[in-house]
Each structure stands twice: as structure tokens, then as C-alpha cells.
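Reproduced below: query-v4.cif, with mmCIF, C-alpha atoms.
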data_upload
#
loop_
_atom_site.label_atom_id
_atom_site.label_comp_id
_atom_site.auth_asym_id
_atom_site.auth_seq_id
_atom_site.Cartn_x
_atom_site.Cartn_y
_atom_site.Cartn_z
CA MET A 1 -66.09 49.16 9.69
CA SER A 2 -67.21 45.87 11.22
CA GLU A 3 -66.81 45.35 14.93
CA ILE A 4 -64.52 42.33 14.59
CA ARG A 5 -61.94 44.46 12.75
CA GLU A 6 -61.58 47.05 15.52
CA PHE A 7 -59.33 45.15 17.92
CA THR A 8 -55.60 45.80 18.10
CA VAL A 9 -53.19 43.19 16.75
CA GLY A 10 -49.71 42.56 18.11
CA PHE A 11 -46.74 41.05 16.31
CA ILE A 12 -43.64 39.71 18.06
CA GLY A 13 -40.59 38.76 16.00
CA LEU A 14 -39.72 40.87 12.96
CA GLY A 15 -37.24 38.58 11.25
CA ASN A 16 -37.14 37.17 7.72
CA MET A 17 -40.71 35.86 7.95
CA GLY A 18 -42.18 38.03 10.68
CA ALA A 19 -41.29 41.36 9.09
CA PRO A 20 -43.15 40.85 5.78
CA MET A 21 -46.10 39.34 7.63
CA ALA A 22 -46.30 42.26 10.07
CA ARG A 23 -45.90 44.75 7.24
CA ARG A 24 -49.18 43.49 5.79
CA LEU A 25 -50.86 44.52 9.07
CA LEU A 26 -49.64 48.11 9.16
CA ASP A 27 -53.01 49.41 8.00
CA TRP A 28 -55.03 47.11 10.24
CA PRO A 29 -58.00 49.25 11.40
CA GLY A 30 -57.55 48.52 15.10
CA GLY A 31 -53.83 49.32 15.03
CA LEU A 32 -50.64 47.29 15.19
CA VAL A 33 -48.24 46.87 18.10
CA VAL A 34 -44.80 45.39 17.33
CA CYS A 35 -41.99 43.99 19.43
CA ASP A 36 -38.51 42.72 18.61
CA THR A 37 -35.29 42.47 20.59
CA ARG A 38 -33.53 44.44 17.83
CA ALA A 39 -34.46 48.12 17.93
CA GLU A 40 -33.51 48.61 14.29
CA ALA A 41 -36.03 45.97 13.20
CA VAL A 42 -38.85 47.98 14.76
CA VAL A 43 -38.04 51.35 13.15
CA PRO A 44 -39.70 50.74 9.74
CA PHE A 45 -42.89 49.74 11.54
CA THR A 46 -43.07 52.71 13.89
CA GLU A 47 -42.37 54.95 10.90
CA GLY A 48 -45.32 53.24 9.22
CA GLY A 49 -47.66 53.98 12.11
CA ALA A 50 -47.25 50.95 14.38
CA VAL A 51 -46.69 51.26 18.13
CA ARG A 52 -43.54 49.80 19.64
CA ALA A 53 -43.71 47.64 22.78
CA ILE A 54 -40.57 46.89 24.76
CA SER A 55 -41.72 43.47 25.96
CA ALA A 56 -44.17 40.71 25.15
CA ALA A 57 -46.06 41.60 28.32
CA GLU A 58 -46.60 45.12 27.00
CA VAL A 59 -47.91 43.73 23.72
CA ALA A 60 -50.48 41.65 25.59
CA GLU A 61 -51.61 44.69 27.57
CA ARG A 62 -52.59 46.43 24.34
CA CYS A 63 -53.76 43.65 22.01
CA ALA A 64 -56.59 41.15 21.62
CA VAL A 65 -54.73 39.00 19.07
CA VAL A 66 -50.96 38.51 19.20
CA SER A 67 -48.90 36.82 16.48
CA VAL A 68 -45.54 35.30 17.44
CA ALA A 69 -42.87 34.55 14.81
CA VAL A 70 -39.66 33.70 16.65
CA LEU A 71 -36.98 31.06 16.14
CA ASP A 72 -37.76 27.90 18.11
CA ASP A 73 -39.58 26.22 20.99
CA ALA A 74 -37.44 27.88 23.66
CA GLN A 75 -38.07 31.37 22.29
CA VAL A 76 -41.78 30.68 21.90
CA ARG A 77 -42.01 29.50 25.51
CA ALA A 78 -40.14 32.59 26.73
CA VAL A 79 -42.40 34.93 24.75
CA VAL A 80 -45.60 33.24 25.89
CA ALA A 81 -44.87 32.12 29.46
CA GLY A 82 -41.59 33.78 30.48
CA PRO A 83 -41.08 36.45 33.16
CA ASN A 84 -42.00 39.27 30.73
CA GLY A 85 -44.16 37.04 28.57
CA LEU A 86 -47.63 37.43 27.18
CA LEU A 87 -49.34 35.53 29.99
CA GLN A 88 -48.15 38.08 32.55
CA THR A 89 -50.68 40.62 31.27
CA ALA A 90 -52.98 38.94 28.73
CA LYS A 91 -56.66 39.45 29.45
CA PRO A 92 -59.14 36.56 29.27
CA GLY A 93 -60.22 36.09 25.67
CA THR A 94 -56.87 37.18 24.22
CA VAL A 95 -55.70 34.94 21.38
CA ILE A 96 -52.00 34.06 21.13
CA ALA A 97 -51.03 32.73 17.70
CA VAL A 98 -47.63 31.10 17.18
CA HIS A 99 -46.41 30.99 13.58
CA SER A 100 -43.06 29.38 14.41
CA THR A 101 -42.68 25.71 13.55
CA ILE A 102 -42.44 24.09 16.98
CA ALA A 103 -43.13 20.64 18.43
CA ASP A 104 -46.82 19.85 18.54
CA ALA A 105 -46.37 18.82 22.19
CA THR A 106 -45.04 22.31 22.96
CA ALA A 107 -48.18 23.83 21.45
CA VAL A 108 -50.43 21.57 23.51
CA ARG A 109 -48.57 22.37 26.74
CA LEU A 110 -48.66 26.11 26.13
CA ALA A 111 -52.36 25.96 25.26
CA ALA A 112 -53.04 24.31 28.62
CA GLU A 113 -51.12 27.06 30.44
CA CYS A 114 -53.01 29.72 28.51
CA ALA A 115 -56.36 28.09 29.27
CA GLU A 116 -55.68 28.38 33.00
CA VAL A 117 -56.00 32.17 32.71
CA GLY A 118 -58.73 32.21 30.06
CA VAL A 119 -56.41 32.90 27.11
CA GLU A 120 -56.78 31.13 23.76
CA PHE A 121 -53.71 29.64 22.07
CA VAL A 122 -53.43 28.63 18.43
CA ASP A 123 -50.53 27.05 16.64
CA ALA A 124 -50.55 28.67 13.20
CA PRO A 125 -47.46 27.68 11.21
CA ILE A 126 -47.11 29.05 7.72
CA SER A 127 -45.99 27.82 4.31
CA GLY A 128 -44.84 29.77 1.28
CA GLY A 129 -41.78 31.65 2.47
CA ALA A 130 -41.02 35.37 2.60
CA PRO A 131 -42.05 36.04 -1.03
CA ALA A 132 -45.56 34.72 -0.31
CA ALA A 133 -45.68 36.74 2.91
CA GLN A 134 -44.83 39.90 0.99
CA ARG A 135 -47.66 39.21 -1.46
CA GLY A 136 -50.14 38.21 1.24
CA ALA A 137 -50.20 34.71 -0.22
CA LEU A 138 -49.07 32.45 2.64
CA ALA A 139 -50.86 29.25 3.60
CA VAL A 140 -51.65 29.33 7.33
CA MET A 141 -52.48 26.08 9.14
CA VAL A 142 -54.38 26.79 12.35
CA GLY A 143 -54.80 24.50 15.34
CA GLY A 144 -57.21 25.79 17.97
CA THR A 145 -60.82 26.22 18.99
CA GLU A 146 -63.53 27.49 16.67
CA THR A 147 -63.69 30.68 18.75
CA ALA A 148 -59.97 31.32 18.40
CA PHE A 149 -60.04 30.54 14.68
CA ALA A 150 -62.84 33.04 14.15
CA ALA A 151 -60.80 35.72 15.94
CA VAL A 152 -57.61 35.25 13.92
CA ARG A 153 -59.10 34.53 10.53
CA GLU A 154 -59.49 38.13 9.37
CA PRO A 155 -56.05 39.42 10.41
CA PHE A 156 -54.45 36.26 9.04
CA PHE A 157 -55.98 36.98 5.64
CA ARG A 158 -53.79 40.08 5.50
CA PHE A 159 -50.68 37.91 5.02
CA GLY A 160 -52.25 34.63 3.90
CA SER A 161 -54.48 33.69 0.99
CA LEU A 162 -55.24 30.19 2.31
CA ILE A 163 -56.27 29.85 5.96
CA VAL A 164 -56.98 26.26 7.01
CA HIS A 165 -58.53 25.26 10.34
CA ALA A 166 -56.61 22.01 10.75
CA GLY A 167 -58.28 20.99 14.03
CA PRO A 168 -57.59 21.44 17.76
CA VAL A 169 -54.37 22.84 19.18
CA GLY A 170 -51.39 20.94 17.76
CA ALA A 171 -53.12 20.12 14.49
CA GLY A 172 -51.67 23.12 12.68
CA THR A 173 -48.15 22.06 13.60
CA ARG A 174 -48.80 18.44 12.63
CA MET A 175 -50.05 19.58 9.23
CA LYS A 176 -46.95 21.77 8.76
CA LEU A 177 -44.66 18.87 9.68
CA ALA A 178 -46.38 16.61 7.14
CA ARG A 179 -46.12 19.31 4.51
CA ASN A 180 -42.42 19.89 5.24
CA LEU A 181 -41.69 16.16 5.26
CA MET A 182 -42.71 16.11 1.60
CA HIS A 183 -40.80 19.34 0.93
CA PHE A 184 -37.45 18.16 2.24
CA VAL A 185 -37.73 14.58 1.01
CA ALA A 186 -38.33 16.17 -2.40
CA PHE A 187 -35.09 18.13 -1.98
CA THR A 188 -33.27 14.83 -1.48
CA ALA A 189 -34.98 13.44 -4.57
CA ALA A 190 -33.99 16.58 -6.50
CA ALA A 191 -30.36 16.04 -5.51
CA GLU A 192 -30.56 12.43 -6.67
CA ALA A 193 -32.02 13.56 -10.00
CA GLN A 194 -29.25 16.12 -10.40
CA ARG A 195 -26.58 13.48 -9.82
CA LEU A 196 -28.10 11.32 -12.55
CA ALA A 197 -28.36 14.26 -14.95
CA GLU A 198 -24.84 15.48 -14.21
CA SER A 199 -23.40 11.98 -14.76
CA ALA A 200 -25.22 11.90 -18.09
CA GLY A 201 -23.42 15.11 -19.11
CA LEU A 202 -26.48 17.34 -18.81
CA ASP A 203 -26.68 20.95 -17.63
CA ILE A 204 -28.42 20.61 -14.26
CA THR A 205 -29.40 24.30 -14.20
CA GLU A 206 -31.44 23.64 -17.35
CA LEU A 207 -32.95 20.61 -15.63
CA GLY A 208 -33.97 22.90 -12.77
CA LYS A 209 -35.72 25.21 -15.23
CA VAL A 210 -37.65 22.26 -16.67
CA VAL A 211 -38.69 21.03 -13.21
CA ARG A 212 -39.94 24.44 -12.08
CA HIS A 213 -41.74 25.04 -15.35
CA SER A 214 -43.52 21.70 -15.48
CA ASP A 215 -44.40 21.71 -11.76
CA SER A 216 -45.98 25.14 -12.19
CA HIS A 217 -48.42 23.50 -14.60
CA THR A 218 -48.89 20.05 -13.09
CA GLY A 219 -48.83 21.04 -9.41
CA GLY A 220 -45.95 18.69 -8.62
CA PRO A 221 -46.44 16.11 -5.85
CA GLY A 222 -49.47 17.99 -4.54
CA SER A 223 -51.39 17.05 -7.67
CA ILE A 224 -52.06 13.54 -6.31
CA MET A 225 -53.14 14.76 -2.86
CA LEU A 226 -56.84 14.89 -3.65
CA ARG A 227 -58.29 11.86 -1.84
CA ASP A 228 -59.59 12.10 1.74
CA SER A 229 -57.96 8.79 2.75
CA THR A 230 -54.75 6.84 2.19
CA ALA A 231 -56.62 3.52 2.29
CA PRO A 232 -56.32 1.14 -0.68
CA VAL A 233 -58.48 2.18 -3.62
CA ALA A 234 -61.26 -0.19 -4.62
CA ALA A 235 -61.24 -1.37 -8.22
CA ASP A 236 -64.61 0.29 -8.87
CA ASP A 237 -63.54 3.60 -7.30
CA PHE A 238 -63.40 6.72 -9.52
CA TRP A 239 -59.73 7.16 -8.59
CA PHE A 240 -58.56 3.63 -9.43
CA PRO A 241 -57.99 4.05 -13.20
CA ILE A 242 -56.48 7.52 -12.68
CA LEU A 243 -54.00 6.43 -10.02
CA SER A 244 -53.26 3.18 -11.83
CA HIS A 245 -52.30 5.24 -14.87
CA VAL A 246 -50.02 7.40 -12.68
CA ARG A 247 -48.45 4.24 -11.22
CA ASN A 248 -47.83 2.71 -14.62
CA LEU A 249 -46.19 5.86 -15.95
CA GLY A 250 -44.17 6.25 -12.77
CA GLU A 251 -42.92 2.67 -12.70
CA LYS A 252 -41.91 2.87 -16.37
CA ASP A 253 -39.98 6.12 -15.92
CA LEU A 254 -38.39 5.07 -12.63
CA ALA A 255 -37.24 1.81 -14.19
CA LEU A 256 -35.73 3.67 -17.13
CA ALA A 257 -33.96 6.11 -14.77
CA LEU A 258 -32.60 3.21 -12.71
CA ASP A 259 -31.31 1.50 -15.86
CA LEU A 260 -29.57 4.73 -16.87
CA GLY A 261 -28.11 5.07 -13.38
CA ARG A 262 -26.70 1.54 -13.52
CA ARG A 263 -25.04 2.24 -16.87
CA LEU A 264 -23.52 5.45 -15.49
CA GLY A 265 -22.57 3.98 -12.11
CA VAL A 266 -24.88 6.34 -10.17
CA ASP A 267 -26.59 5.00 -7.05
CA LEU A 268 -30.28 6.01 -6.94
CA PRO A 269 -31.67 4.70 -3.64
CA LEU A 270 -34.77 6.91 -3.59
CA ALA A 271 -35.67 5.91 -7.12
CA GLN A 272 -35.22 2.25 -6.22
CA GLN A 273 -37.45 2.56 -3.17
CA SER A 274 -40.02 4.58 -5.09
CA LEU A 275 -40.28 1.97 -7.84
CA HIS A 276 -41.26 -0.68 -5.30
CA ARG A 277 -43.50 1.56 -3.17
CA LEU A 278 -45.26 3.76 -5.71
CA GLY A 279 -48.24 1.52 -6.42
CA ASP A 280 -48.94 0.73 -2.77
CA ASP A 281 -48.46 4.37 -1.77
CA LEU A 282 -50.98 5.42 -4.42
CA GLY A 283 -53.38 2.82 -3.07
CA VAL A 284 -53.63 0.70 -6.21
CA GLY A 285 -50.92 -1.90 -5.59
CA PRO A 286 -47.75 -2.56 -7.58
CA GLY A 287 -47.83 -2.70 -11.37
CA ASP A 288 -46.20 -5.20 -13.68
CA ILE A 289 -42.82 -3.49 -13.77
CA ALA A 290 -42.49 -3.34 -9.97
CA LYS A 291 -43.54 -6.98 -9.72
CA GLU A 292 -41.00 -8.02 -12.33
CA ARG A 293 -38.19 -6.24 -10.44
CA GLN A 294 -38.94 -7.57 -6.99
#

Will you turn the file into C-alpha cells for me?
Amino acid sequence: MSEIREFTVGFIGLGNMGAPMARRLLDWPGGLVVCDTRAEAVVPFTEGGAVRAISAAEVAERCAVVSVAVLDDAQVRAVVAGPNGLLQTAKPGTVIAVHSTIADATAVRLAAECAEVGVEFVDAPISGGAPAAQRGALAVMVGGTETAFAAVREPFFRFGSLIVHAGPVGAGTRMKLARNLMHFVAFTAAAEAQRLAESAGLDITELGKVVRHSDSHTGGPGSIMLRDSTAPVAADDFWFPILSHVRNLGEKDLALALDLGRRLGVDLPLAQQSLHRLGDDLGVGPGDIAKERQ
């Protein structure tokens, strides 16, 4: 057993996300300490060999790395810096990792408070949902120092299959917010697509099957997120003909969808905006169809 694996890990917050994440740590070699305000949430973990702590402060007394998966900024602040919080007892060198999606400014402020007593703080939001947590397949976006990242990397690989060091404190949260921006804008686009399909007399549950099936092969929107810059693409760049092809296909299909929407009396504002922005957003400029419809 390697030395780095012998420290005790704590987990605070055993809700819909925290519970499956913590469950993946039950056989952690250094032991697991759990804490939740609901006694019934702790029982499956103590039955599985974990130790129960009655407060965040008690978790910090026992653990070198502590994961926090609570609801919001206020709960995170209470757990970390409250009267019975982690900073009351955390030893220098302890790493506090917050998996909750909070404001990046909150992460930066808490990191400064932790640093005053020699404690490392990382913001480590997650993506993939409870099913990925159960499989150990979450993506974890870590903001923090190299030292802190090295400390959390191995335990994080128990519940995550992709661990990204996004940068300094706050960077993990900023990456999660960018990822979720795309996620929820896509939900709005999905609703717009369903309205068009429904107005055309189609079964929108079958449309959903098609979307999930094709995205599982193409990668969905993430399939274009391969460049290291959003700057315009030079004409002699490797990506120019590829992204120009994507633009041309996209403009054609968006224009056809908009024409169908007009015939059916369905307003498609996202499609309209996308038609005019697609080329510029891909970095290759508008194509002929977008220019014609300006």
C-alpha cells in the first residue's frame, strides 16, 4: 500500500450526489469518516464500515482530505467556516474539497480564510449526475494548488473517471459554470425543437430517442470543442475546412427548420439566432445562407 493512500478521507453531505460519491470511498484504505445532518443518511455508511462524525469540526479532526457536497454557498460557508466548521479543528496541510456548485468568488474567499491557518481549499465541482457517481465515472473539475491537486487526485478517482486540474482556486467552478451554460441552453434548444416537431405532427418521444442515439455516436455539442482558442480560424488552418463544412451543413439545416417553422406558425428564436451566429461562433465567418438571410 502506497503512503499517499493511507490518510483518512472525510465526506460531508450524503444527499443525491454525495451518497453515491461517498459510497465509492467505503473501502478507502485509510478509512472514511462521514457526516450528515440526517442520521438516517449515515446508517448505510456506518454499516459499511465508515465512522460517523457529529459535526464538520469532528470530521476535520480525523481527516487529511475532506469532501463537501452540500446544497449552496451558505451551507458550504457554514460547513467550512461556521462555529462547528472544518476550520475550527483542521490541521495545517488538510485539504478541503467542495463539490457543490457555488460562486467562484465564494471559493476564492474561503480559500483565503483556509490559507490563514495553513489549510488547502479546492473547488471541485462535478459533472455526470448520480448515475455517473454510482459507476465512478464523474468528471471532476479542480481549482487549487498543485499540492492540493496531488492530494485529492487519488481519492477523487474513486468516484470520477476524468479529473481535470482547471487552474487555481475558482477555476474549477468557472469550468463547471461554462459546462452548465451549454447544458441548460441546450435544454432550451431541445424544447424549441420539440415544439417544431410537435407542430409538425411528430411523436416527440421518438425524436428524443433519435437525439440521444445520434449524440451517443457524434458526441453532441462537445464534438466541436477541440480547439484551444475561440479566435477566428485562419484560412490555411487545419480546422478551417472542417469547421466550414460544419457551418455549411448547420446553416442549411437551420434555414430549412426555420422555413418549416414559418409554415407551421412556430416561433424559433434560438434557431434564428444560431443561423446568424453559427459561422462566427465556429471561427470561420458566416456562410452564403446566413449572408443571404441577413

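Applying the 6 Å criterion to (-37.1, 37.6, 14.9) in file coordinates and using all atoms listed in the file, one obtains the residues Gly13, Leu14, Gly15 and Val70 of chain A.
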
In file coordinates, which residues lie within 12 Å of (-61.2, 43.1, 16.1) using all atoms listed in the file, given as a PyMOL selection string?
-> chain A and resi 1-10+28-32+63-66+93-95+150-156

Hits of the PyMOL selection byres ((chain A and resi 286-294) around 10) in this structure, as a PyMOL selection string = chain A and resi 244-245+247-252+254-255+272+274-285

Fewer than 5 positions away in the same chain doesn't count, so skip those; otherwise give me all residues within 12 Å of Pro20 in chain A, counting all atoms listed in the file, as JSON, numbers by chain.
-> {"A": [11, 13, 14, 15, 25, 26, 41, 44, 45, 69, 129, 130, 131, 132, 133, 134, 135, 136, 137, 138, 158, 159, 160]}

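Considering the residues A:Gly208, A:Gly144, A:Gly82, A:Gly222 and counting all atoms listed in the file, Arg179 in chain A has its shortest atom-to-atom contact with A:Gly222.
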
Distance table requested - range 110-132 of chain A against range 171-177 of chain A, cut-off 12 Å, only C-alpha atoms: one row per qualifying residue with the closest atom pair and its distance in Å to one decimal, ordered by chain and rising residue number, as CSV.
residue,atom,partner,partner_atom,distance
A:Phe121,CA,A:Gly172,CA,11.6
A:Val122,CA,A:Gly172,CA,8.2
A:Asp123,CA,A:Gly172,CA,5.7
A:Ala124,CA,A:Gly172,CA,5.7
A:Pro125,CA,A:Thr173,CA,6.1
A:Ile126,CA,A:Lys176,CA,7.4
A:Ser127,CA,A:Lys176,CA,7.6
A:Gly128,CA,A:Lys176,CA,11.2

Which residues match the PyMOL selection byres ((chain A and resi 102) around 9) in the file above, as a JSON list (two decimals) with C-alpha atoms, in the frame of the given file?
[["chain", "number", "residue", "atom", "x", "y", "z"],
["A", 71, "LEU", "CA", -36.98, 31.06, 16.14],
["A", 72, "ASP", "CA", -37.76, 27.90, 18.11],
["A", 73, "ASP", "CA", -39.58, 26.22, 20.99],
["A", 76, "VAL", "CA", -41.78, 30.68, 21.90],
["A", 98, "VAL", "CA", -47.63, 31.10, 17.18],
["A", 99, "HIS", "CA", -46.41, 30.99, 13.58],
["A", 100, "SER", "CA", -43.06, 29.38, 14.41],
["A", 101, "THR", "CA", -42.68, 25.71, 13.55],
["A", 103, "ALA", "CA", -43.13, 20.64, 18.43],
["A", 104, "ASP", "CA", -46.82, 19.85, 18.54],
["A", 105, "ALA", "CA", -46.37, 18.82, 22.19],
["A", 106, "THR", "CA", -45.04, 22.31, 22.96],
["A", 107, "ALA", "CA", -48.18, 23.83, 21.45],
["A", 123, "ASP", "CA", -50.53, 27.05, 16.64],
["A", 125, "PRO", "CA", -47.46, 27.68, 11.21],
["A", 173, "THR", "CA", -48.15, 22.06, 13.60]]

Name the residues that the PyMOL selection byres ((chain A and resi 189-206) around 10) picks from the file above, as a PDB file with C-alpha atoms, in the frame of the given file, using the file's chain letters and numbers.
ATOM      1  CA  HIS A 183     -40.800  19.340   0.930  1.00  0.00           C
ATOM      2  CA  PHE A 184     -37.450  18.160   2.240  1.00  0.00           C
ATOM      3  CA  VAL A 185     -37.730  14.580   1.010  1.00  0.00           C
ATOM      4  CA  ALA A 186     -38.330  16.170  -2.400  1.00  0.00           C
ATOM      5  CA  PHE A 187     -35.090  18.130  -1.980  1.00  0.00           C
ATOM      6  CA  THR A 188     -33.270  14.830  -1.480  1.00  0.00           C
ATOM      7  CA  LEU A 207     -32.950  20.610 -15.630  1.00  0.00           C
ATOM      8  CA  GLY A 208     -33.970  22.900 -12.770  1.00  0.00           C
ATOM      9  CA  LYS A 209     -35.720  25.210 -15.230  1.00  0.00           C
ATOM     10  CA  VAL A 210     -37.650  22.260 -16.670  1.00  0.00           C
ATOM     11  CA  VAL A 211     -38.690  21.030 -13.210  1.00  0.00           C
ATOM     12  CA  ALA A 257     -33.960   6.110 -14.770  1.00  0.00           C
ATOM     13  CA  LEU A 258     -32.600   3.210 -12.710  1.00  0.00           C
ATOM     14  CA  LEU A 260     -29.570   4.730 -16.870  1.00  0.00           C
ATOM     15  CA  GLY A 261     -28.110   5.070 -13.380  1.00  0.00           C
ATOM     16  CA  ARG A 262     -26.700   1.540 -13.520  1.00  0.00           C
ATOM     17  CA  ARG A 263     -25.040   2.240 -16.870  1.00  0.00           C
ATOM     18  CA  LEU A 264     -23.520   5.450 -15.490  1.00  0.00           C
ATOM     19  CA  GLY A 265     -22.570   3.980 -12.110  1.00  0.00           C
ATOM     20  CA  VAL A 266     -24.880   6.340 -10.170  1.00  0.00           C
ATOM     21  CA  ASP A 267     -26.590   5.000  -7.050  1.00  0.00           C
ATOM     22  CA  LEU A 268     -30.280   6.010  -6.940  1.00  0.00           C
ATOM     23  CA  PRO A 269     -31.670   4.700  -3.640  1.00  0.00           C
ATOM     24  CA  LEU A 270     -34.770   6.910  -3.590  1.00  0.00           C
ATOM     25  CA  ALA A 271     -35.670   5.910  -7.120  1.00  0.00           C
TER      26      ALA A 271
END

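CA of Arg38 in chain A is found 27.8 Å from CA of Met141 in chain A.
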
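Between CA of Arg52 in chain A and CA of Val34 in chain A there is a distance of 5.1 Å.
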
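The space separating CA of Gly48 in chain A from CA of Ala78 in chain A comes to 27.6 Å.
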
Box for range 198-214 of chain A: with edges along x, y and z, all listed atoms inside and 4 Å added on each side, what are the centre and edge lengths in Å to one decimal, as lines of an AutoDock Vina configuration file?
center_x = -33.5
center_y = 18.6
center_z = -15.6
size_x = 28.1
size_y = 21.3
size_z = 15.0

Shortest contact to Asp36 in chain A, candidates A:Ser214, A:Gln75, A:His165, A:Pro241, atoms counted all atoms listed in the file, goes to A:Gln75

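Ranking A:Asn180, A:Asn84, A:Gln273, A:Ser216 by their shortest atom-to-atom distance to Glu61 in chain A, with all atoms listed in the file included, puts A:Asn84 first.
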
Among the residues A:Ala112, A:Ala148, A:Leu256, A:Leu181, the one that comes closest to Gly167 in chain A [using only C-alpha atoms] = A:Ala148

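Nearest-residue note for Ser223 in chain A: choosing from A:Ile242, A:Val108, A:Val117, A:Ala235, the minimum distance belongs to A:Ile242, counting only C-alpha atoms.
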
Looking at only C-alpha atoms, which of A:Thr145, A:Val140, A:Ala231, A:Val59 is the one that sits closest to Phe157 in chain A?
-> A:Val140

Atom completion result for range 95-117 of chain A (N, CA and C atoms) as a PDB file, in the frame of the given file:
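Output file result39.pdb follows:
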ATOM      1  N   VAL A  95     -56.133  36.069  22.190  1.00  0.00           N
ATOM      2  CA  VAL A  95     -55.700  34.940  21.380  1.00  0.00           C
ATOM      3  C   VAL A  95     -54.221  35.100  21.059  1.00  0.00           C
ATOM      4  N   ILE A  96     -53.429  34.104  21.440  1.00  0.00           N
ATOM      5  CA  ILE A  96     -52.000  34.060  21.130  1.00  0.00           C
ATOM      6  C   ILE A  96     -51.803  33.078  19.991  1.00  0.00           C
ATOM      7  N   ALA A  97     -51.227  33.562  18.891  1.00  0.00           N
ATOM      8  CA  ALA A  97     -51.030  32.730  17.700  1.00  0.00           C
ATOM      9  C   ALA A  97     -49.548  32.582  17.425  1.00  0.00           C
ATOM     10  N   VAL A  98     -49.054  31.354  17.416  1.00  0.00           N
ATOM     11  CA  VAL A  98     -47.630  31.100  17.180  1.00  0.00           C
ATOM     12  C   VAL A  98     -47.442  30.593  15.756  1.00  0.00           C
ATOM     13  N   HIS A  99     -46.674  31.356  14.972  1.00  0.00           N
ATOM     14  CA  HIS A  99     -46.410  30.990  13.580  1.00  0.00           C
ATOM     15  C   HIS A  99     -45.124  30.188  13.430  1.00  0.00           C
ATOM     16  N   SER A 100     -44.294  30.154  14.454  1.00  0.00           N
ATOM     17  CA  SER A 100     -43.060  29.380  14.410  1.00  0.00           C
ATOM     18  C   SER A 100     -43.378  27.900  14.287  1.00  0.00           C
ATOM     19  N   THR A 101     -42.508  27.159  13.609  1.00  0.00           N
ATOM     20  CA  THR A 101     -42.680  25.710  13.550  1.00  0.00           C
ATOM     21  C   THR A 101     -42.032  25.117  14.801  1.00  0.00           C
ATOM     22  N   ILE A 102     -42.873  24.638  15.697  1.00  0.00           N
ATOM     23  CA  ILE A 102     -42.440  24.090  16.980  1.00  0.00           C
ATOM     24  C   ILE A 102     -42.936  22.657  17.093  1.00  0.00           C
ATOM     25  N   ALA A 103     -42.597  21.983  18.187  1.00  0.00           N
ATOM     26  CA  ALA A 103     -43.130  20.640  18.430  1.00  0.00           C
ATOM     27  C   ALA A 103     -44.617  20.745  18.753  1.00  0.00           C
ATOM     28  N   ASP A 104     -45.389  19.808  18.238  1.00  0.00           N
ATOM     29  CA  ASP A 104     -46.820  19.850  18.540  1.00  0.00           C
ATOM     30  C   ASP A 104     -47.072  19.712  20.033  1.00  0.00           C
ATOM     31  N   ALA A 105     -46.209  18.968  20.737  1.00  0.00           N
ATOM     32  CA  ALA A 105     -46.370  18.820  22.190  1.00  0.00           C
ATOM     33  C   ALA A 105     -46.160  20.151  22.899  1.00  0.00           C
ATOM     34  N   THR A 106     -45.248  20.981  22.383  1.00  0.00           N
ATOM     35  CA  THR A 106     -45.040  22.310  22.960  1.00  0.00           C
ATOM     36  C   THR A 106     -46.305  23.146  22.817  1.00  0.00           C
ATOM     37  N   ALA A 107     -46.934  23.084  21.668  1.00  0.00           N
ATOM     38  CA  ALA A 107     -48.180  23.830  21.450  1.00  0.00           C
ATOM     39  C   ALA A 107     -49.259  23.386  22.420  1.00  0.00           C
ATOM     40  N   VAL A 108     -49.396  22.090  22.606  1.00  0.00           N
ATOM     41  CA  VAL A 108     -50.430  21.570  23.510  1.00  0.00           C
ATOM     42  C   VAL A 108     -50.166  22.007  24.949  1.00  0.00           C
ATOM     43  N   ARG A 109     -48.905  21.952  25.374  1.00  0.00           N
ATOM     44  CA  ARG A 109     -48.570  22.370  26.740  1.00  0.00           C
ATOM     45  C   ARG A 109     -48.836  23.856  26.952  1.00  0.00           C
ATOM     46  N   LEU A 110     -48.437  24.681  25.992  1.00  0.00           N
ATOM     47  CA  LEU A 110     -48.660  26.110  26.130  1.00  0.00           C
ATOM     48  C   LEU A 110     -50.146  26.449  26.102  1.00  0.00           C
ATOM     49  N   ALA A 111     -50.907  25.725  25.290  1.00  0.00           N
ATOM     50  CA  ALA A 111     -52.360  25.960  25.260  1.00  0.00           C
ATOM     51  C   ALA A 111     -52.982  25.671  26.614  1.00  0.00           C
ATOM     52  N   ALA A 112     -52.510  24.625  27.290  1.00  0.00           N
ATOM     53  CA  ALA A 112     -53.040  24.310  28.620  1.00  0.00           C
ATOM     54  C   ALA A 112     -52.704  25.414  29.611  1.00  0.00           C
ATOM     55  N   GLU A 113     -51.494  25.958  29.547  1.00  0.00           N
ATOM     56  CA  GLU A 113     -51.120  27.060  30.440  1.00  0.00           C
ATOM     57  C   GLU A 113     -51.959  28.300  30.142  1.00  0.00           C
ATOM     58  N   CYS A 114     -52.191  28.571  28.879  1.00  0.00           N
ATOM     59  CA  CYS A 114     -53.010  29.720  28.510  1.00  0.00           C
ATOM     60  C   CYS A 114     -54.450  29.557  29.004  1.00  0.00           C
ATOM     61  N   ALA A 115     -54.969  28.344  28.868  1.00  0.00           N
ATOM     62  CA  ALA A 115     -56.360  28.090  29.270  1.00  0.00           C
ATOM     63  C   ALA A 115     -56.584  28.345  30.752  1.00  0.00           C
ATOM     64  N   GLU A 116     -55.549  28.162  31.556  1.00  0.00           N
ATOM     65  CA  GLU A 116     -55.680  28.380  33.000  1.00  0.00           C
ATOM     66  C   GLU A 116     -56.033  29.822  33.340  1.00  0.00           C
ATOM     67  N   VAL A 117     -55.677  30.762  32.457  1.00  0.00           N
ATOM     68  CA  VAL A 117     -56.000  32.170  32.710  1.00  0.00           C
ATOM     69  C   VAL A 117     -56.991  32.712  31.671  1.00  0.00           C
TER      70      VAL A 117
END
